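Below you'll find the structure, written out as structure tokens, and then a few comments.
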Amino acid sequence: MRQSFVRVAVTFAAVTLFAWSGCGGNSGPPDGGQSDGDTGDAGTGGDGGGLIDEDARGAVLDGAIAVYEANAGAPRQDRNAALIAYFQGQPLIEAAGYIEASDNVWARFTDGVLALILDNRRSPAAAQRRPGAPAAGLRRFALDLPASDTAVSANSFGPEFTDISGEIAGYLSDAGFTPQTGGMKVDDLLALESVGVLFWQTHGGLGLLKPDAGFPLQPDGGPAVSYGFLTDDLAPDKTFAQKHQDLIFDGSIAVAWVKAKATDGGMTHQWHYVVTEQFIRGKLRGKFAQNSLVCMDSCTGATAAVAWAQAGVARYASWSDVAADQSIFAWERLFDRMAGTNASDPISTPEERPFAIDDVLPWMQQNGYDHHPASLDDGGTVETYLQVFTGPSGDFGILRPTIARVLNTASATPTGPLRLTLEGSFGSDLGASKRRVTYGGQPLAVDSWANDQIIAQMPEPPPSGTVQVVIGNHESEEVPLTEWDIPFTYAWTGQGTLQYTILLECRLRADVRGMRVQPGQTPAAPMTATWNLQDSGGSLTASGSLFSNGTLVEAWSGGSTLTWVPPGGIPTNYVICDGFVDGTQAAITNFAPIGGGSFTITRQGGSTSTGTRSTAGVAIPMQISIDWPSLTVKAGTVPVSGDLGQYGVSATLSWPDAQPVHAPTDSDRR
């Protein structure tokens with residue numbers, strides 16, 4: 001399934017969140033870093049007698065909004081100071097301060113509920129103290145598919161920001177997943193089951209918990225950090241609060257106020273419920289399938305990596321810092337390259353196959369696709385990096401299987417069948433009932449399966465067409481095995497009128513697409529062994545006579561049909577054509593077209609016997625040119641100058657142009 005999408009140009013504006021949450025949090029930033037530069041009284045109060053009345057809490061938060069609006073045009077430092085002073089003057093607030101790491105003011109109510117003010121527009125100095133970093137925790141050769149086809153592609157940004165959740169859902173659908181789309185409410189999260197992939201565009205931010213909140217402190221002894229993700233549930237909602245009171249009280253759910261520019265140019269002010277890391281580690285645990293992937297398009301969302309790992313996610317990706325509107329390009333490229341949909345710039349010709357995530361990420365880093373600048377409110381910028389982390393629940397690597405190249409392989413035993421070796425990314429072997437390898441639509445017997453190599457038997461007679469790997473609903477690209485049916489003619493002339501002709505119908509197969517190791521590369525010219533199979537054949541015909549002083553020496557007649565020699569077979573009336581298709585030399589190299597057969601010999605007096613002849617004298621190995629753009633095997637004639645056997649005078653080996661069958665096109669991905 002391939003879809004076209006129109007991107008709407010938008011301007012990334014400051015988003016202000018006033019989030020209140022209960023006592024939830026994680027073990028600190030994923031890298032063990034500190035929230036240095038924190039100011040304000042950490043506080044240890046709290047009545048422990050239940051939640052503060054919601055109307056009273058709302059009045060405090062509404063007052064904070066008014067303070068923010070009154071100081072919107074002031075320098076950030078003055079605005080932050082005004083907000084902290086306001087909070088510290090409220091009887092229901094036990095502590096307030098500022099977090100330099102995420103550049104936001106925080107406050108905490110006396111019942112432990114946390115409030116965050118997130119406008120995410122740090123100063124250049126702050127940005128320099130907290131630079132982004134390339135992908136972290138990168139693990140090579142992670143090649144497994146998610147164990148479930150269930151996927152979710154959600155958007156909770158609001159109308160100001162570009163929504164690519166439908167586009168990502170299209171990529172996932174093309175790769176064989178069943179994606180759910182739309183917004184994301186708390187009940188939607190609670191209803192998740194066996195999710196293989198989650199992509200969610202939403203807002204989020206950080207605050208500090210009470211030192212006695214029950215979660216590990218930072219390495220310097222400072223209070224633990226809490227992160228929350230905005231949902232589509234509007235607040236306050238007394239029905240919601242009553243239904244989820246336990247989640248609110250234990251810090252699993254927070255509330256956030258979002259200030260953002262509306263599509264009509266005005267401003268919107270809405271309260272939303274927020275799910276915290278406490279919710280993720282507690283309520284989402286067990287809802288993700290083995291080898292799952294979660295991608296959060298959220299400012300500083302990398303901070304929450306530990307919670308997602310504790311929920312059972314194998315790979316987690318999010319932003320190191322402020323995520324600007326350009327963040328969408330990174331997600332488009334990441335999912336497009338893993339799905340092999342060839343819909344996200346830059347688009348290659350020929351088209352690209354799917355790639356494992358550990359092949360996509362280096363390409364993104366090498367080309368600067370893993371980061372983007374975010375504008376600051378004082379005219380500066382900060383570079384934000386996509387960070388990828390690994391969890392303990394499996395080893396996510398691919399969205400679908402992919403074949404880098406197909407090689408012809410010798411038999412595993414002297415008399416066993418010839419085989420195909422498929423190199424690529426296939427994940428772990430899930431068993432014969434859940435996967436298959438086909439050639440020309442015909443299932444192949446699999447000898448062995450590794451996450452980067454499959455060996456399958458070539459059936460007799462051999463099929464024709466394309467090779468494909470299918471795992472459940474996830475299909476690889478179809479790889480055409482190009483064929484050439486080359487008719488060789490060996491014409492032997494002897495003494496008298498003796499002559500014989502051997503026709504060799506050599507049908508050769510090879511994957512000649514070329515191979516990319518990473519996205520964006522020019523496919524490398526292929527080199528692969530090739531040989532004739534059961535659908536090759538030939539014939540020998542003999543005629544003529546030789547006299548000596550008027551006496552018959554020999555008369556030749558008849559002939560034989562020549563056939564393919566299977567592994568371990570004894571050549572009698574045979575055709576053998578072996579060599580290498582070498583794209584770097586545009587030729588079939590080290591090539592040996594040989595054959596032999598039998599005919600009838602009649603001597604004086606009428607006695608007969610069986611004679612045998614072959615392509616004697618042909619210089620082996622040969623090299624046959626290929627016009628590589630068209631993959632046409634070029635015609636040629638070779639005079640034979642070697643040993644022509646008894647009575648031999650001359651011989652030639654010739655062949656016409658041979659056009660390819662199943663030649664790859666630019667739409668055959670590699």
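Ligands are numbered from 1 in the order shown, chains are lettered A, B, ... in the order of the structure tokens, and residues start at 1 in each chain.
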Extract, using only C-alpha atoms, all DNA, RNA and protein residues at most 8 Å from Asn573 of chain A, discarding same-chain residues fewer than 6 positions from it, and format them as a PyMOL selection string. chain A and resi 560-563+595-598
Go ahead and write the selection's residues with N, CA and C atoms as an mmCIF file, in the first residue's frame.
data_model
loop_
_atom_site.group_PDB
_atom_site.id
_atom_site.type_symbol
_atom_site.label_atom_id
_atom_site.label_comp_id
_atom_site.auth_asym_id
_atom_site.auth_seq_id
_atom_site.Cartn_x
_atom_site.Cartn_y
_atom_site.Cartn_z
ATOM 1 N N SER A 560 22.383 -38.158 -30.074
ATOM 2 C CA SER A 560 21.791 -38.361 -28.745
ATOM 3 C C SER A 560 21.281 -37.041 -28.194
ATOM 4 N N THR A 561 20.379 -37.184 -27.222
ATOM 5 C CA THR A 561 19.884 -36.021 -26.483
ATOM 6 C C THR A 561 20.770 -35.797 -25.270
ATOM 7 N N LEU A 562 21.139 -34.554 -25.023
ATOM 8 C CA LEU A 562 22.026 -34.208 -23.906
ATOM 9 C C LEU A 562 21.201 -33.577 -22.785
ATOM 10 N N THR A 563 21.502 -33.972 -21.581
ATOM 11 C CA THR A 563 20.725 -33.497 -20.431
ATOM 12 C C THR A 563 21.636 -32.958 -19.344
ATOM 13 N N GLY A 595 29.907 -30.120 -23.187
ATOM 14 C CA GLY A 595 28.910 -31.162 -23.351
ATOM 15 C C GLY A 595 29.472 -32.298 -24.162
ATOM 16 N N GLY A 596 28.778 -33.415 -24.133
ATOM 17 C CA GLY A 596 29.217 -34.581 -24.901
ATOM 18 C C GLY A 596 28.076 -35.559 -25.065
ATOM 19 N N GLY A 597 28.198 -36.389 -26.095
ATOM 20 C CA GLY A 597 27.158 -37.366 -26.333
ATOM 21 C C GLY A 597 27.660 -38.509 -27.195
ATOM 22 N N SER A 598 26.754 -39.331 -27.632
ATOM 23 C CA SER A 598 27.105 -40.544 -28.368
ATOM 24 C C SER A 598 26.396 -40.597 -29.720
#
For Arg337 of chain A, work out the shell of residues within 9 Å, counting only C-alpha atoms and skipping chain neighbours fewer than 5 positions away, then give it as a count of residues only. 12
Excluding segment 438-448 of chain A and its own-chain neighbours fewer than 5 positions away, which residues fall within 10 Å of it when counting only C-alpha atoms? Please give them as a list of chain:residue names. A:Ala412, A:Arg419, A:Leu420, A:Thr421, A:Asp429, A:Ala432, A:Gln453, A:Ile454, A:Ile455, A:Ala456, A:Gln457, A:Met458, A:Pro459, A:Pro462, A:Pro463, A:Ser464, A:Gly465, A:Thr466, A:Val467, A:Gln468, A:Val469, A:Val470, A:Glu478, A:Val479, A:Pro480, A:Leu481
Residue with the minimum atom-to-atom distance to Ser153 of chain A, picked from A:Ala410, A:Leu116, A:Met296, A:Val618 with only C-alpha atoms counted, is A:Met296
Could you name the residues that touch segment 601-608 of chain A at 10 Å or less, counting only C-alpha atoms, but leaving out those on the same chain fewer than 6 positions away, as number ranges by chain? A: 542-543, 545-547, 551-558
